[in-house]
Amino acid sequence: MIYLDQAATSYPKPPEVIEAVCEALQHAGNSGRGAHHLSLAASRLIFEARYEIADFLGAEDPSCIAFTANATESLNLALFGVLNSGDHVITTELEHNSVLRPLYTLQERGVEVTILPANPQGLVDFSTLGVVVRPNTRVLVLTHASNVTGNMVDIEHVGEFCREHDLLFIVDGAQTAGFYAYDLRQSSIDILCFTGHKGLYGPQGVGGIYVKPGLALRPLKVGGSGIQTFSKTHPNQMPEALEAGTLNLPGIAGLMAGVRYLKNVGLDMVSNRECELTGYFHKAVSQVPGVKVYGEFGASTRCPIVALNLCSVDSSLVSQLLAEEYNIYTRSGGHCAPLMHGALGTGELGAVRFSFSHMNSREELDAAVQALREIVLRAGRGELL
Amino acid sequence: MSGTRVVVTFRTTTQAMAWEKACKEAGLPGRLIPMPVQISAECGLAWLIPPLEKDILLLRAIELNLKYADVIELQ
């Protein structure tokens, strides 16, 4: 099996991640819910995970990191946590539905939404920010990298605009955590939303949110926290303010192991290797007749994603053939990014997305390119109709 | 048990964990216990310290920039 769907979830997970999940299930209780050995083991594990992730992201303090189920929950938490009726928010056509759908819901509740368009290469012209900003603009939210094309946004440039205009800057790091070297202490990012199961190599179902010190969010949920038991209101201290209910301890243990794995092998090595594989695949696949690749490849920084179509063949059929006949796993369709596909002109076809990790090899990519050549030939002979 | 007990209280579990980690690394005395019921505190954990070590511990806590809610003597 050749797994080229790393942007959906990383696979395989490092062995130490699997071991950490098992270890947590065997030797830990419930964090913050007592002082016996198993409960303290859980509390220590959660704290160590916060500490490791805060250190990895360059955050000010472990308390800046709250755990969630995924990037979608983090983004909902951020957007519903700061925006009120009458506020204006700016976003882009690059976004995943995890940003767009909360914004559409907020729009129904009186929040004004401006969506900056993307061009047919999937790029946004951020020089228009000065035109669209309003006196009531409160938030600018955007993805750090398109999950369709892999193109990255210059977040420091956009962040500078946010600082100048006193806007909260919320970044969707679903595709970039574990690829980009964040230094949040120095960054203009106010809130970073990330998932644990992609570039951070953790298990599915765990993610997190970084909140700049001093910034308070309305929680999405309230309830048990292990602190201030006799208060009628949920505690407002970070990170417990955003973590009502029992945390996903095995998931967090696995996420911590994933982050430690990245620290050990080196983030530079990982991102350099992934960039090298992406360039290799892009060059090879661009030479296959009938292949159309989406996005900008001249950029120096991009995520390890290549989205393409073969002539006008349905992307889901290509992905199906790759899986069933070549044992090559990719992702087809709209990738939960409807506006981006609209901008790329792939609203009907979708696209076949290939995404890589440093664990992939050139031989695997060669096999994928050869498979695409064969599918193109079959399409030319009318065998795919 | 008899005599005086001194406990450090915390606003959050995260504060308590940060305190424990720093104290262990600095070789400072004490251990985490369930919050004594006579204290209306914010976190369910407290750091129990020998009464005679109280002043030294708090001085080091300030030096290490450790956060806590209160220090309480229990009879």
# chains A, B, ... in the order shown; residues from 1 in each chain; ligands from 1
call {"tool": "interface_residues", "arguments": {"of": "chain B", "to": "chain A", "cutoff": "9 Å", "atoms": "only C-alpha atoms", "output": "list in words"}}
result
Arg11, Thr12, Thr13, Thr14, Gln15, Met17, Ala18, Glu20, Lys21, Leu32, Ile33, Pro34, Met35, Ser40, Ala41, Glu42, Cys43, Gly44, Leu45 and Ala46 of chain B
call {"tool": "residues_around", "arguments": {"residues": "Gly29 in chain A", "least_positions_apart": "4", "cutoff": "6 Å", "atoms": "only C-alpha atoms", "output": "ChimeraX atom specification"}}
result
/A:38-39,42
call {"tool": "residues_around", "arguments": {"residues": "range 134-140 of chain A", "least_positions_apart": "2", "cutoff": "8 Å", "atoms": "only C-alpha atoms", "output": "VMD selection string"}}
result
chain A and resid 83 86 to 91 132 142 162 166 to 170
call {"tool": "closest_residue", "arguments": {"among": "A:Gly266, A:Gly202, A:Gly223, A:Gly295", "to": "Phe179 in chain A", "atoms": "only C-alpha atoms"}}
result
A:Gly266
call {"tool": "select_by_dssp", "arguments": {"residues": "range 79-314 of chain A", "states": "strand (DSSP E or B)", "output": "PyMOL selection string"}}
result
chain A and resi 88-92+112-116+118+124+137-143+145+151-152+168-172+177+180+191-195+207-211+227+291-294+302+305-310
